[in-house]
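Student: query39.cif is reproduced below (mmCIF, C-alpha atoms).
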data_structure
#
loop_
_atom_site.group_PDB
_atom_site.id
_atom_site.type_symbol
_atom_site.label_atom_id
_atom_site.label_comp_id
_atom_site.auth_asym_id
_atom_site.auth_seq_id
_atom_site.Cartn_x
_atom_site.Cartn_y
_atom_site.Cartn_z
ATOM 1 C CA MET A 8 0.000 0.000 0.000
ATOM 2 C CA SER A 9 1.321 3.458 -0.890
ATOM 3 C CA ALA A 10 2.076 6.048 1.738
ATOM 4 C CA PRO A 11 -0.628 8.644 2.436
ATOM 5 C CA HIS A 12 -0.540 11.943 0.657
ATOM 6 C CA PRO A 13 0.434 15.068 2.611
ATOM 7 C CA ALA A 14 -2.349 16.483 4.743
ATOM 8 C CA GLU A 15 -2.399 19.627 2.618
ATOM 9 C CA MET A 16 -3.475 17.585 -0.415
ATOM 10 C CA THR A 17 -6.247 15.621 1.352
ATOM 11 C CA PRO A 18 -9.262 16.645 -0.743
ATOM 12 C CA GLU A 19 -12.676 17.590 0.510
ATOM 13 C CA PRO A 20 -15.388 14.944 0.044
ATOM 14 C CA LEU A 21 -16.660 15.317 -3.495
ATOM 15 C CA ALA A 22 -19.028 13.282 -5.615
ATOM 16 C CA ARG A 23 -17.472 11.846 -8.780
ATOM 17 C CA ALA A 24 -20.111 13.513 -10.943
ATOM 18 C CA THR A 25 -19.291 16.880 -9.382
ATOM 19 C CA SER A 26 -15.558 16.617 -10.103
ATOM 20 C CA ILE A 27 -16.265 15.507 -13.680
ATOM 21 C CA LYS A 28 -18.624 18.455 -14.103
ATOM 22 C CA ALA A 29 -15.867 20.788 -12.871
ATOM 23 C CA LEU A 30 -13.309 19.240 -15.236
ATOM 24 C CA LEU A 31 -15.550 19.488 -18.294
ATOM 25 C CA SER A 32 -16.517 23.058 -17.413
ATOM 26 C CA PHE A 33 -12.840 23.976 -17.094
ATOM 27 C CA ILE A 34 -11.943 22.487 -20.493
ATOM 28 C CA VAL A 35 -14.807 24.261 -22.266
ATOM 29 C CA LEU A 36 -14.263 27.610 -20.539
ATOM 30 C CA THR A 37 -10.500 27.517 -21.104
ATOM 31 C CA ALA A 38 -11.035 26.794 -24.798
ATOM 32 C CA VAL A 39 -13.545 29.617 -25.252
ATOM 33 C CA LEU A 40 -11.659 32.231 -23.234
ATOM 34 C CA SER A 41 -8.219 31.389 -24.612
ATOM 35 C CA LEU A 42 -9.403 31.394 -28.224
ATOM 36 C CA GLY A 43 -10.613 34.953 -27.772
ATOM 37 C CA ALA A 44 -7.403 36.059 -26.064
ATOM 38 C CA SER A 45 -5.274 34.199 -28.631
ATOM 39 C CA TRP A 46 -7.091 35.992 -31.440
ATOM 40 C CA LEU A 47 -6.105 39.335 -29.877
ATOM 41 C CA VAL A 48 -2.480 38.246 -29.580
ATOM 42 C CA ILE A 49 -2.427 36.953 -33.154
ATOM 43 C CA ASP A 50 -4.148 40.059 -34.532
ATOM 44 C CA ILE A 51 -2.259 42.687 -32.511
ATOM 45 C CA GLY A 52 1.025 40.951 -31.756
ATOM 46 C CA LEU A 53 2.955 39.636 -28.771
ATOM 47 C CA LYS A 54 2.213 42.667 -26.593
ATOM 48 C CA ARG A 55 2.693 42.008 -22.907
ATOM 49 C CA HIS A 56 -0.784 43.113 -21.817
ATOM 50 C CA TYR A 57 -2.526 40.827 -24.319
ATOM 51 C CA MET A 58 -0.168 38.002 -23.371
ATOM 52 C CA ALA A 59 -1.065 38.616 -19.716
ATOM 53 C CA LEU A 60 -4.752 38.378 -20.645
ATOM 54 C CA LEU A 61 -4.104 35.081 -22.414
ATOM 55 C CA MET A 62 -2.113 33.716 -19.474
ATOM 56 C CA TRP A 63 -4.991 34.444 -17.114
ATOM 57 C CA THR A 64 -7.596 32.516 -19.125
ATOM 58 C CA PRO A 65 -6.899 29.127 -17.425
ATOM 59 C CA GLY A 66 -7.139 30.764 -13.999
ATOM 60 C CA ILE A 67 -10.421 32.501 -14.779
ATOM 61 C CA ALA A 68 -11.773 29.268 -16.280
ATOM 62 C CA ALA A 69 -10.802 27.329 -13.136
ATOM 63 C CA ILE A 70 -12.539 29.785 -10.807
ATOM 64 C CA LEU A 71 -15.698 29.758 -12.948
ATOM 65 C CA ALA A 72 -15.624 25.952 -13.197
ATOM 66 C CA LEU A 73 -15.463 25.619 -9.414
ATOM 67 C CA LYS A 74 -18.376 28.022 -9.054
ATOM 68 C CA ILE A 75 -20.421 26.085 -11.610
ATOM 69 C CA ALA A 76 -19.715 22.783 -9.821
ATOM 70 C CA GLY A 77 -20.275 24.268 -6.360
ATOM 71 C CA ILE A 78 -16.746 23.501 -5.139
ATOM 72 C CA SER A 79 -14.883 25.744 -2.709
ATOM 73 C CA LEU A 80 -12.196 28.025 -4.147
ATOM 74 C CA ALA A 81 -10.008 26.926 -1.220
ATOM 75 C CA SER A 82 -9.399 23.684 -3.143
ATOM 76 C CA LEU A 83 -7.024 25.574 -5.439
ATOM 77 C CA GLY A 84 -4.307 25.520 -2.772
ATOM 78 C CA TRP A 85 -3.932 29.159 -1.790
ATOM 79 C CA ARG A 86 -1.844 28.618 1.347
ATOM 80 C CA TRP A 87 1.867 29.403 0.940
ATOM 81 C CA GLY A 88 3.065 26.063 2.303
ATOM 82 C CA PRO A 89 6.598 25.236 3.543
ATOM 83 C CA ALA A 90 9.080 27.851 2.337
ATOM 84 C CA ARG A 91 11.606 25.213 1.262
ATOM 85 C CA TYR A 92 9.357 24.192 -1.618
ATOM 86 C CA GLN A 93 9.044 27.791 -2.801
ATOM 87 C CA TRP A 94 12.822 28.195 -2.755
ATOM 88 C CA LEU A 95 13.218 24.910 -4.624
ATOM 89 C CA ALA A 96 10.679 26.082 -7.213
ATOM 90 C CA TYR A 97 12.674 29.293 -7.700
ATOM 91 C CA ILE A 98 16.088 27.623 -7.930
ATOM 92 C CA LEU A 99 15.183 24.726 -10.228
ATOM 93 C CA PRO A 100 14.783 26.778 -13.458
ATOM 94 C CA ALA A 101 18.169 28.405 -12.860
ATOM 95 C CA LEU A 102 19.693 24.956 -12.324
ATOM 96 C CA TYR A 103 18.259 23.154 -15.343
ATOM 97 C CA GLY A 104 18.715 26.328 -17.400
ATOM 98 C CA LEU A 105 22.420 26.587 -16.577
ATOM 99 C CA ILE A 106 22.919 22.910 -17.381
ATOM 100 C CA ALA A 107 21.109 23.222 -20.726
ATOM 101 C CA TYR A 108 22.817 26.427 -21.789
ATOM 102 C CA GLY A 109 26.138 25.221 -20.429
ATOM 103 C CA ILE A 110 25.839 22.298 -22.867
ATOM 104 C CA LEU A 111 24.803 24.687 -25.645
ATOM 105 C CA TRP A 112 27.680 27.088 -25.055
ATOM 106 C CA GLY A 113 30.259 24.406 -24.297
ATOM 107 C CA SER A 114 29.473 22.496 -27.481
ATOM 108 C CA GLY A 115 29.792 25.621 -29.612
ATOM 109 C CA LEU A 116 26.191 25.375 -30.824
ATOM 110 C CA GLY A 117 25.605 28.820 -29.334
ATOM 111 C CA GLY A 118 27.821 31.485 -27.827
ATOM 112 C CA ALA A 119 27.976 33.295 -24.477
ATOM 113 C CA VAL A 120 27.627 36.129 -23.617
ATOM 114 C CA ASP A 121 26.119 38.242 -26.395
ATOM 115 C CA PRO A 122 27.446 41.824 -26.088
ATOM 116 C CA LYS A 123 24.186 43.024 -27.650
ATOM 117 C CA PHE A 124 22.266 41.694 -24.653
ATOM 118 C CA ILE A 125 24.510 43.639 -22.270
ATOM 119 C CA GLU A 126 24.107 46.786 -24.348
ATOM 120 C CA GLU A 127 20.323 46.474 -24.482
ATOM 121 C CA ALA A 128 20.080 45.630 -20.784
ATOM 122 C CA GLY A 129 22.225 48.631 -19.884
ATOM 123 C CA TYR A 130 20.045 50.915 -21.977
ATOM 124 C CA HIS A 131 16.819 49.438 -20.613
ATOM 125 C CA LEU A 132 17.977 49.737 -16.996
ATOM 126 C CA GLY A 133 19.605 53.146 -17.400
ATOM 127 C CA LEU A 134 23.100 51.889 -16.528
ATOM 128 C CA VAL A 135 24.943 54.554 -18.494
ATOM 129 C CA GLY A 136 28.711 54.355 -18.105
ATOM 130 C CA TRP A 137 28.697 50.971 -16.385
ATOM 131 C CA GLY A 138 31.194 48.309 -17.452
ATOM 132 C CA GLU A 139 30.017 45.121 -19.167
ATOM 133 C CA THR A 140 30.493 42.850 -16.156
ATOM 134 C CA ALA A 141 28.760 45.259 -13.770
ATOM 135 C CA THR A 142 25.905 45.746 -16.240
ATOM 136 C CA LEU A 143 25.464 41.990 -16.657
ATOM 137 C CA LEU A 144 25.432 41.353 -12.902
ATOM 138 C CA MET A 145 22.941 44.174 -12.297
ATOM 139 C CA ALA A 146 20.712 42.897 -15.107
ATOM 140 C CA ILE A 147 20.676 39.417 -13.578
ATOM 141 C CA PHE A 148 19.870 40.878 -10.159
ATOM 142 C CA ILE A 149 17.055 43.097 -11.454
ATOM 143 C CA PHE A 150 15.479 40.530 -13.783
ATOM 144 C CA ALA A 151 15.771 37.610 -11.345
ATOM 145 C CA GLY A 152 14.682 39.659 -8.341
ATOM 146 C CA ILE A 153 12.414 42.580 -9.050
ATOM 147 C CA GLY A 154 11.349 40.989 -12.333
ATOM 148 C CA MET A 155 9.571 38.259 -10.347
ATOM 149 C CA THR A 156 6.802 40.781 -9.565
ATOM 150 C CA TRP A 157 5.505 40.950 -13.140
ATOM 151 C CA HIS A 158 6.227 37.340 -13.970
ATOM 152 C CA MET A 159 4.476 36.077 -10.841
ATOM 153 C CA ALA A 160 1.417 38.188 -11.682
ATOM 154 C CA THR A 161 1.097 36.565 -15.105
ATOM 155 C CA ALA A 162 2.261 33.033 -14.242
ATOM 156 C CA LEU A 163 -0.264 32.894 -11.409
ATOM 157 C CA GLY A 164 -3.096 33.179 -13.928
ATOM 158 C CA GLU A 165 -1.961 30.033 -15.718
ATOM 159 C CA GLU A 166 -1.093 28.101 -12.594
ATOM 160 C CA ILE A 167 -4.429 28.680 -10.872
ATOM 161 C CA GLY A 168 -5.776 26.686 -13.807
ATOM 162 C CA TRP A 169 -3.107 24.091 -14.566
ATOM 163 C CA ARG A 170 -1.682 23.110 -11.189
ATOM 164 C CA GLY A 171 -4.129 24.806 -8.817
ATOM 165 C CA PHE A 172 -7.213 23.223 -10.376
ATOM 166 C CA LEU A 173 -6.494 20.703 -13.112
ATOM 167 C CA THR A 174 -3.755 18.507 -11.627
ATOM 168 C CA PRO A 175 -5.418 17.858 -8.233
ATOM 169 C CA MET A 176 -8.850 17.481 -9.840
ATOM 170 C CA LEU A 177 -7.483 14.921 -12.301
ATOM 171 C CA MET A 178 -5.798 13.080 -9.450
ATOM 172 C CA ARG A 179 -9.223 12.298 -8.030
ATOM 173 C CA HIS A 180 -9.590 9.995 -11.054
ATOM 174 C CA VAL A 181 -6.116 9.040 -12.309
ATOM 175 C CA SER A 182 -2.585 8.558 -10.979
ATOM 176 C CA PHE A 183 0.056 11.231 -10.486
ATOM 177 C CA PRO A 184 1.989 10.301 -13.676
ATOM 178 C CA LEU A 185 -1.122 10.327 -15.845
ATOM 179 C CA ALA A 186 -2.438 13.570 -14.317
ATOM 180 C CA SER A 187 0.947 15.222 -14.913
ATOM 181 C CA LEU A 188 1.048 13.929 -18.486
ATOM 182 C CA ILE A 189 -2.476 15.121 -19.299
ATOM 183 C CA THR A 190 -1.915 18.552 -17.750
ATOM 184 C CA GLY A 191 1.404 18.990 -19.566
ATOM 185 C CA ALA A 192 -0.058 17.932 -22.909
ATOM 186 C CA LEU A 193 -3.027 20.292 -22.544
ATOM 187 C CA TRP A 194 -0.652 23.070 -21.503
ATOM 188 C CA ALA A 195 1.363 22.551 -24.699
ATOM 189 C CA PHE A 196 -1.778 22.318 -26.865
ATOM 190 C CA TRP A 197 -3.064 25.579 -25.325
ATOM 191 C CA HIS A 198 0.034 27.321 -26.744
ATOM 192 C CA LEU A 199 -0.495 26.069 -30.303
ATOM 193 C CA PRO A 200 -2.351 29.085 -31.775
ATOM 194 C CA ILE A 201 0.377 31.558 -30.842
ATOM 195 C CA ILE A 202 3.132 29.104 -31.798
ATOM 196 C CA LEU A 203 1.649 28.622 -35.260
ATOM 197 C CA PHE A 204 0.452 32.146 -36.014
ATOM 198 C CA THR A 205 2.833 34.521 -34.198
ATOM 199 C CA LYS A 206 6.577 34.794 -33.644
ATOM 200 C CA TYR A 207 6.271 32.814 -30.411
ATOM 201 C CA ASN A 208 8.627 30.163 -31.790
ATOM 202 C CA ALA A 209 12.207 29.801 -32.990
ATOM 203 C CA GLY A 210 11.352 30.831 -36.533
ATOM 204 C CA PRO A 211 9.346 29.401 -39.432
ATOM 205 C CA ASN A 212 11.606 26.395 -40.064
ATOM 206 C CA ASP A 213 10.683 22.897 -38.904
ATOM 207 C CA LEU A 214 7.703 23.911 -36.766
ATOM 208 C CA GLY A 215 6.762 20.262 -36.274
ATOM 209 C CA MET A 216 10.045 19.531 -34.509
ATOM 210 C CA GLN A 217 9.786 22.752 -32.536
ATOM 211 C CA ILE A 218 6.312 21.817 -31.302
ATOM 212 C CA ALA A 219 7.564 18.339 -30.342
ATOM 213 C CA ASN A 220 10.431 19.850 -28.348
ATOM 214 C CA PHE A 221 8.125 22.375 -26.687
ATOM 215 C CA THR A 222 5.628 19.645 -25.794
ATOM 216 C CA LEU A 223 8.364 17.520 -24.221
ATOM 217 C CA MET A 224 9.421 20.528 -22.156
ATOM 218 C CA THR A 225 5.911 21.382 -20.933
ATOM 219 C CA ILE A 226 5.154 17.777 -20.002
ATOM 220 C CA SER A 227 8.480 17.526 -18.184
ATOM 221 C CA LEU A 228 7.845 20.742 -16.255
ATOM 222 C CA SER A 229 4.345 19.488 -15.488
ATOM 223 C CA PHE A 230 5.797 16.478 -13.645
ATOM 224 C CA ILE A 231 8.098 18.741 -11.618
ATOM 225 C CA MET A 232 5.351 21.246 -10.796
ATOM 226 C CA SER A 233 2.865 18.508 -9.935
ATOM 227 C CA TYR A 234 5.340 16.991 -7.496
ATOM 228 C CA LEU A 235 5.881 20.339 -5.777
ATOM 229 C CA ARG A 236 2.126 21.000 -5.765
ATOM 230 C CA ILE A 237 1.442 17.703 -4.026
ATOM 231 C CA LYS A 238 4.281 18.000 -1.530
ATOM 232 C CA SER A 239 3.556 21.595 -0.554
ATOM 233 C CA GLY A 240 -0.221 21.623 -0.946
ATOM 234 C CA SER A 241 0.273 25.043 -2.552
ATOM 235 C CA LEU A 242 -0.339 26.320 -6.066
ATOM 236 C CA TRP A 243 2.293 28.996 -5.362
ATOM 237 C CA THR A 244 5.113 26.522 -5.978
ATOM 238 C CA ALA A 245 3.939 26.170 -9.583
ATOM 239 C CA ALA A 246 3.539 29.938 -9.983
ATOM 240 C CA VAL A 247 7.038 30.550 -8.588
ATOM 241 C CA LEU A 248 8.626 27.922 -10.843
ATOM 242 C CA HIS A 249 6.715 29.174 -13.887
ATOM 243 C CA ALA A 250 7.763 32.773 -13.216
ATOM 244 C CA ALA A 251 11.378 31.812 -12.508
ATOM 245 C CA HIS A 252 11.479 29.755 -15.714
ATOM 246 C CA ASN A 253 10.308 32.733 -17.749
ATOM 247 C CA ILE A 254 12.985 34.887 -16.124
ATOM 248 C CA PHE A 255 16.008 32.573 -16.214
ATOM 249 C CA ILE A 256 15.254 30.949 -19.568
ATOM 250 C CA LEU A 257 13.465 33.609 -21.620
ATOM 251 C CA SER A 258 14.679 36.895 -20.139
ATOM 252 C CA LEU A 259 18.274 35.928 -19.337
ATOM 253 C CA LEU A 260 19.877 32.766 -20.727
ATOM 254 C CA GLN A 261 18.185 32.770 -24.133
ATOM 255 C CA ARG A 262 18.715 36.477 -24.679
ATOM 256 C CA MET A 263 22.366 36.401 -23.650
ATOM 257 C CA THR A 264 23.142 33.545 -26.053
ATOM 258 C CA VAL A 265 24.990 34.388 -29.259
ATOM 259 C CA GLN A 266 22.860 33.034 -32.098
ATOM 260 C CA TYR A 267 24.711 31.193 -34.859
ATOM 261 C CA GLU A 268 23.076 29.898 -38.022
ATOM 262 C CA GLY A 269 21.796 26.663 -36.470
ATOM 263 C CA THR A 270 21.475 27.717 -32.831
ATOM 264 C CA TRP A 271 17.685 27.942 -33.048
ATOM 265 C CA ALA A 272 17.444 24.141 -33.390
ATOM 266 C CA TYR A 273 19.142 23.555 -30.032
ATOM 267 C CA ALA A 274 18.458 26.621 -27.859
ATOM 268 C CA GLY A 275 15.467 27.703 -25.832
ATOM 269 C CA GLU A 276 12.049 26.167 -25.346
ATOM 270 C CA PHE A 277 11.784 25.111 -28.991
ATOM 271 C CA GLY A 278 15.286 23.707 -29.370
ATOM 272 C CA LEU A 279 16.434 20.218 -28.456
ATOM 273 C CA ILE A 280 18.673 20.642 -25.421
ATOM 274 C CA LEU A 281 16.477 22.331 -22.797
ATOM 275 C CA PRO A 282 13.550 19.880 -23.215
ATOM 276 C CA LEU A 283 15.917 16.916 -22.804
ATOM 277 C CA VAL A 284 17.450 18.394 -19.656
ATOM 278 C CA ALA A 285 13.967 19.169 -18.306
ATOM 279 C CA ALA A 286 12.952 15.558 -19.055
ATOM 280 C CA ALA A 287 15.885 14.292 -17.001
ATOM 281 C CA PHE A 288 14.746 16.465 -14.078
ATOM 282 C CA ALA A 289 11.182 15.196 -14.543
ATOM 283 C CA LEU A 290 12.343 11.574 -14.316
ATOM 284 C CA TYR A 291 14.131 12.396 -11.071
ATOM 285 C CA PHE A 292 11.010 13.920 -9.524
ATOM 286 C CA LEU A 293 8.850 11.074 -10.817
ATOM 287 C CA ARG A 294 11.226 8.671 -9.085
ATOM 288 C CA ARG A 295 10.999 10.690 -5.886
ATOM 289 C CA ALA A 296 7.215 10.687 -6.077
ATOM 290 C CA HIS A 297 7.245 6.912 -6.504
ATOM 291 C CA VAL A 298 9.617 6.359 -3.573
ATOM 292 C CA GLU A 299 7.546 8.675 -1.381
ATOM 293 C CA GLY A 300 4.308 6.904 -2.298
ATOM 294 C CA LEU A 301 2.756 9.885 -4.077
ATOM 295 C CA THR A 302 2.091 8.358 -7.481
ATOM 296 C CA GLY A 303 -1.390 7.020 -6.771
ATOM 297 C CA ARG A 304 -4.678 8.874 -6.966
ATOM 298 C CA VAL A 305 -5.521 11.438 -4.293
ATOM 299 C CA GLN A 306 -8.411 9.562 -2.749
ATOM 300 C CA SER A 307 -11.555 11.457 -1.848
ATOM 301 C CA PRO A 308 -14.492 9.881 -0.016
ATOM 302 C CA GLU A 309 -17.934 10.450 -1.438
ATOM 303 C CA PRO A 310 -19.976 13.002 0.532
ATOM 304 C CA ASP A 311 -22.052 10.240 2.151
ATOM 305 C CA ASP A 312 -19.050 8.067 3.067
ATOM 306 C CA LYS A 313 -18.875 7.839 6.855
ATOM 307 C CA SER A 314 -15.293 6.512 6.812
ATOM 308 C CA ALA A 315 -13.852 9.985 6.175
#
Give the structure from this file in structure tokens form.

Tutor:
Amino acid sequence: MSAPHPAEMTPEPLARATSIKALLSFIVLTAVLSLGASWLVIDIGLKRHYMALLMWTPGIAAILALKIAGISLASLGWRWGPARYQWLAYILPALYGLIAYGILWGSGLGGAVDPKFIEEAGYHLGLVGWGETATLLMAIFIFAGIGMTWHMATALGEEIGWRGFLTPMLMRHVSFPLASLITGALWAFWHLPIILFTKYNAGPNDLGMQIANFTLMTISLSFIMSYLRIKSGSLWTAAVLHAAHNIFILSLLQRMTVQYEGTWAYAGEFGLILPLVAAAFALYFLRRAHVEGLTGRVQSPEPDDKSA
């Protein structure tokens, strides 16, 4: 028999029909809301305010789905949880990012550090007259520290939906690995409109391979986030990791990489290396979940079950 799940993840009694109703409502609402927001992004461009609107569609859908099904919003996991899991969520993207880009730079498939990034960062941050090293260090400090404010605000919208609602609701019906796989696959599919019809990709070449790489990455991150969600009982771990990923990967490591002719095929979320490194991390956390007895369903007694 597997070990019990943490007390924070013990779900409230819920009829099977009610949880299915919530899941179906979430899928439909996310599709409708995100299609509208995606249309704005496709029509107007990758502007941050329209991207923020898009990123909040899963969260809004989750809240509405819970209301429709009559389930408490507390089930989303609002409590902060043990701080060690939040720190782990913040550090992990820096760790797997440095490994992935270390491989990229060390192999010569991409270069480090692009002087253009330092110049643009210095201009953006008003660091007139600063040396390159000082500018780079200040940029890392500002983006990785203060930059968390904006990235947390947008990542939270997605994670209320994906890991706050969907993962634990799925785990009332299926195992941890399957719930993580389904959530990660839906997360990747949700990105498809902007991948196909905007510049949210590595360029027009070989989009099929890019989508495969991106899907591997999102599924891998889903396993990591689901583990932290279960262990902490908090959706904030997923929001922190999501925000830190966007900072360390998109705002820092990818932008500071010197792009050669074929770098796009190996770098970033759509290249080969980062998804493979993320998959290795996912396998580690899946193994930990198995050892700790967390890979089964999160059992929930029916409302009329007196054994609760």

Student: Quick check, in Å to one decimal: how far apart do CA of Val265 (chain A) and CA of Glu126 (chain A) lie?

Tutor: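 Separating CA of Val265 (chain A) from CA of Glu126 (chain A) is a distance of 13.4 Å.
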
Student: What do you get, as a ChimeraX atom specification, if you spell out every residue that the PyMOL selection byres ((chain A and resi 253) around 10) selects here?

Tutor: /A:100,151,154-155,158-159,162,247-252,254-259

Student: Taking the file as I've supplied it (selection: the PyMOL selection byres ((chain A and resi 85) around 10)), which residues are included? Please answer as a PyMOL selection string.

Tutor: chain A and resi 80-84+86-88+167+171+240-243

Student: Could you tell me how far CA of Leu290 (chain A) sits from CA of Gly115 (chain A), in Å to one decimal place?

Tutor: 27.1 Å

Student: May I have a table of the residues of region 261-289 of chain A lying at most 10 Å from region 195-212 of chain A, giving each one's closest pair of atoms and their distance in Å to one decimal, counting all atoms listed in the file, ordered by chain and ascending residue number, as a Markdown table?

Tutor:
| residue | atom | partner | partner_atom | distance |
| --- | --- | --- | --- | --- |
| A:Thr270 | CA | A:Ala209 | CA | 9.5 |
| A:Trp271 | CA | A:Ala209 | CA | 5.8 |
| A:Ala272 | CA | A:Ala209 | CA | 7.7 |
| A:Tyr273 | CA | A:Ala209 | CA | 9.8 |
| A:Ala274 | CA | A:Ala209 | CA | 8.7 |
| A:Gly275 | CA | A:Ala209 | CA | 8.1 |
| A:Glu276 | CA | A:Asn208 | CA | 8.3 |
| A:Phe277 | CA | A:Ala209 | CA | 6.2 |
| A:Gly278 | CA | A:Ala209 | CA | 7.7 |

Student: Could you please take those selected residues and save C-alpha atoms as a PDB file, in the frame of the given file?

Tutor:
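Just written: part21.pdb:
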ATOM      1  CA  THR A 270      21.475  27.717 -32.831  1.00  0.00           C
ATOM      2  CA  TRP A 271      17.685  27.942 -33.048  1.00  0.00           C
ATOM      3  CA  ALA A 272      17.444  24.141 -33.390  1.00  0.00           C
ATOM      4  CA  TYR A 273      19.142  23.555 -30.032  1.00  0.00           C
ATOM      5  CA  ALA A 274      18.458  26.621 -27.859  1.00  0.00           C
ATOM      6  CA  GLY A 275      15.467  27.703 -25.832  1.00  0.00           C
ATOM      7  CA  GLU A 276      12.049  26.167 -25.346  1.00  0.00           C
ATOM      8  CA  PHE A 277      11.784  25.111 -28.991  1.00  0.00           C
ATOM      9  CA  GLY A 278      15.286  23.707 -29.370  1.00  0.00           C
TER      10      GLY A 278
END

Student: Would you mind reading off the distance between CA of Ser233 (chain A) and CA of Gly152 (chain A), one decimal, in Å?

Tutor: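 That distance, rounded to one decimal, is 24.3 Å.
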
Student: Taking the file as I've supplied it (selection: the PyMOL selection byres ((chain A and resi 236) around 12)), which residues are included? Please answer as a tab-separated table (two decimals) with C-alpha atoms, in the frame of the given file.

Tutor:
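Output below, filename part20.tsv:
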chain	number	residue	atom	x	y	z
A	12	HIS	CA	-0.54	11.94	0.66
A	13	PRO	CA	0.43	15.07	2.61
A	15	GLU	CA	-2.40	19.63	2.62
A	16	MET	CA	-3.48	17.58	-0.42
A	83	LEU	CA	-7.02	25.57	-5.44
A	84	GLY	CA	-4.31	25.52	-2.77
A	85	TRP	CA	-3.93	29.16	-1.79
A	86	ARG	CA	-1.84	28.62	1.35
A	87	TRP	CA	1.87	29.40	0.94
A	88	GLY	CA	3.06	26.06	2.30
A	89	PRO	CA	6.60	25.24	3.54
A	92	TYR	CA	9.36	24.19	-1.62
A	93	GLN	CA	9.04	27.79	-2.80
A	95	LEU	CA	13.22	24.91	-4.62
A	96	ALA	CA	10.68	26.08	-7.21
A	166	GLU	CA	-1.09	28.10	-12.59
A	167	ILE	CA	-4.43	28.68	-10.87
A	169	TRP	CA	-3.11	24.09	-14.57
A	170	ARG	CA	-1.68	23.11	-11.19
A	171	GLY	CA	-4.13	24.81	-8.82
A	172	PHE	CA	-7.21	23.22	-10.38
A	173	LEU	CA	-6.49	20.70	-13.11
A	174	THR	CA	-3.76	18.51	-11.63
A	175	PRO	CA	-5.42	17.86	-8.23
A	178	MET	CA	-5.80	13.08	-9.45
A	183	PHE	CA	0.06	11.23	-10.49
A	187	SER	CA	0.95	15.22	-14.91
A	228	LEU	CA	7.84	20.74	-16.26
A	229	SER	CA	4.34	19.49	-15.49
A	230	PHE	CA	5.80	16.48	-13.64
A	231	ILE	CA	8.10	18.74	-11.62
A	232	MET	CA	5.35	21.25	-10.80
A	233	SER	CA	2.86	18.51	-9.94
A	234	TYR	CA	5.34	16.99	-7.50
A	235	LEU	CA	5.88	20.34	-5.78
A	237	ILE	CA	1.44	17.70	-4.03
A	238	LYS	CA	4.28	18.00	-1.53
A	239	SER	CA	3.56	21.60	-0.55
A	240	GLY	CA	-0.22	21.62	-0.95
A	241	SER	CA	0.27	25.04	-2.55
A	242	LEU	CA	-0.34	26.32	-6.07
A	243	TRP	CA	2.29	29.00	-5.36
A	244	THR	CA	5.11	26.52	-5.98
A	245	ALA	CA	3.94	26.17	-9.58
A	246	ALA	CA	3.54	29.94	-9.98
A	247	VAL	CA	7.04	30.55	-8.59
A	248	LEU	CA	8.63	27.92	-10.84
A	292	PHE	CA	11.01	13.92	-9.52
A	296	ALA	CA	7.22	10.69	-6.08
A	301	LEU	CA	2.76	9.88	-4.08

Student: For a quick check of understanding, using all atoms listed in the file, which of A:Ala76, A:Ala219, A:Leu214, A:Ala146 has the smallest distance to Arg23 (chain A)?

Tutor: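 Among the listed residues, A:Ala76 lies closest to Arg23 (chain A).
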
Student: Put a box with edges along x, y and z around all the listed atoms of region 228-243 of chain A, pad it by 8 Å on each side, then give me its centre and sizes in Å, one decimal, as AutoDock Vina command-line options.

Tutor:
--center_x 3.9 --center_y 22.7 --center_z -8.4 --size_x 24.4 --size_y 28.5 --size_z 31.7

Student: From the options A:Pro20, A:Pro65, A:Gly133, A:Gly109, which residue's atoms come nearest to Leu260 (chain A), counting only C-alpha atoms?

Tutor: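 Of the candidates, the smallest distance to Leu260 (chain A) is held by A:Gly109.
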
Student: Rank A:Met176, A:Met58, A:Ile67, A:Leu47 by their smallest atom-to-atom distance to Lys28 (chain A), using all atoms listed in the file, and report the top residue only.

Tutor: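 Ranked by minimum distance to Lys28 (chain A), first place goes to A:Met176.
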
Student: Return the single residue from A:Ala44, A:Ala186, A:Gln266, A:Leu71 that is closest to Asp121 (chain A), with distances computed using only C-alpha atoms.

Tutor: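 Smallest distance to Asp121 (chain A) is found for A:Gln266.
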
Student: In terms of the shortest atom-to-atom distance over all atoms listed in the file, which of A:Gln217, A:Val284, A:Arg262, A:Asp50 is closest to Pro122 (chain A)?

Tutor: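 Using all atoms listed in the file, Pro122 (chain A) sits closest to A:Arg262.
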
Student: From the set A:Ser114, A:Thr25, A:Ser227, A:Thr64, which residue has the shortest atom-to-atom contact distance to Ala289 (chain A), counting all atoms listed in the file?

Tutor: A:Ser227
